[in-house]
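Heads up, the thing below is written out as structure tokens.
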Amino acid sequence: MNGHLVDVDGRPALQFERTLPHPVARVWRAVTEPAELAQWFVGPVSWTPALGETFAVAGATVEITALDPPRVLAWTWGAESYRFELRDAPEGCRLRFTHVFDAAHGPAAQHAAGWETYLDRLDALPADRPIS
């Protein structure tokens with residue numbers, strides 16, 4: 001498991017850090033724009049995004065809880081939370097992704113394996129490499 005298991009407010013969370021060879025602005029588009037997300041993320045997302053924005057997905061409410069373009073995007077989905085943090089790095093962009101998960105939806109290793117795949121797809125998108 002490449003993600004690190006951490007504790008966030010007494011809850012289990014996975015944290016991933018990667019350096020992507022793309023500028024922060026390009027990675028920001030990939031993590032915020034619905035058309036970009038549809039190419040690599042878990043599922044389609046229909047957000048602006050705007051701080052405090054809410055909408056329903058699969059019977060749960062999504063709420064944007066932090067937004068500081070082009071550096072931070074965080075949201076909750078039901079009992080879980082997700083956070084992207086981007087910063088400049090000499091090689092491009094340093095990405096930190098945190099997922100506070102509900103263990104009822106599967107063990108940490110299962111979540112980590114899924115996120116590794118999605119983050120690999122995210123890395124491929126700005127480079128215009130085929131994504132399967």
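Note on naming: chains are A, B, ... as they come in the structure tokens, residues start from 1 per chain, ligands start from 1 in the order shown.
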
In stretch 13-123 of chain A, DSSP strand (DSSP E or B) residues written as an MDAnalysis selection string: chainID A and resid 13:20 54:57 60:68 72:77 80:89 92:100

Against stretch 35-38 of chain A, which residues of stretch 92-126 of chain A fall within 10 Å? For each one I want the closest pair of atoms and the distance in Å (one decimal), counting only C-alpha atoms, rows by chain and increasing residue number, as JSON lines.
{"residue": "A:Leu122", "atom": "CA", "partner": "A:Leu37", "partner_atom": "CA", "distance": 8.5}
{"residue": "A:Leu125", "atom": "CA", "partner": "A:Glu36", "partner_atom": "CA", "distance": 8.1}
{"residue": "A:Pro126", "atom": "CA", "partner": "A:Glu36", "partner_atom": "CA", "distance": 9.4}

Please identify every residue of stretch 36-84 of chain A that has at least one atom no farther than 10 Å from an atom of stretch 1-17 of chain A, counting only C-alpha atoms, and for each give the shortest atom pair and the distance in Å to one decimal, arranged by chain then increasing number, as JSON lines.
{"residue": "A:Glu80", "atom": "CA", "partner": "A:Ala13", "partner_atom": "CA", "distance": 9.4}
{"residue": "A:Ser81", "atom": "CA", "partner": "A:Ala13", "partner_atom": "CA", "distance": 9.0}
{"residue": "A:Tyr82", "atom": "CA", "partner": "A:Ala13", "partner_atom": "CA", "distance": 9.4}
{"residue": "A:Arg83", "atom": "CA", "partner": "A:Gln15", "partner_atom": "CA", "distance": 9.4}
{"residue": "A:Phe84", "atom": "CA", "partner": "A:Phe16", "partner_atom": "CA", "distance": 9.7}

List the neighbours of stretch 70-76 of chain A out to 10 Å using only C-alpha atoms; skip same-chain residues closer than 3 positions along the sequence, and give me the result as a VMD selection string. chain A and resid 24 to 29 31 to 32 49 to 54 60 to 67 79 to 88 95 to 100

As a VMD selection string, list the residues of chain A assigned to helix (DSSP H, G or I) by DSSP on the backbone atoms of this structure. chain A and resid 24 to 32 34 to 40 103 to 105 108 to 124

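Between A:Gly43 and the residues A:Ala127, A:Ala109, A:Tyr118, A:Pro69, the shortest atom-to-atom distance, using only C-alpha atoms, involves A:Tyr118.
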
Between atom CA of A:Trp40 and atom CA of A:Ala58, what is the distance, to one decimal in Å?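 Taking atom CA of A:Trp40 and atom CA of A:Ala58, their separation equals 18.7 Å.
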
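Candidate residues A:Leu119, A:Glu91, A:Phe41, A:Asp102 were compared for distance to A:Pro21, and the nearest is A:Glu91, using only C-alpha atoms.
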
Skipping near chain neighbours, those fewer than 4 positions away, what residues fall within 12 Å of A:Pro90 using only C-alpha atoms, listed as number ranges by chain? A: 19-24, 94

Distance atom CA of A:Gln39-atom CA of A:Asp68, one decimal place? 23.0 Å

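Rounded to one decimal, atom CA of A:Gly114 and atom CA of A:Glu33 lie 20.9 Å from each other.
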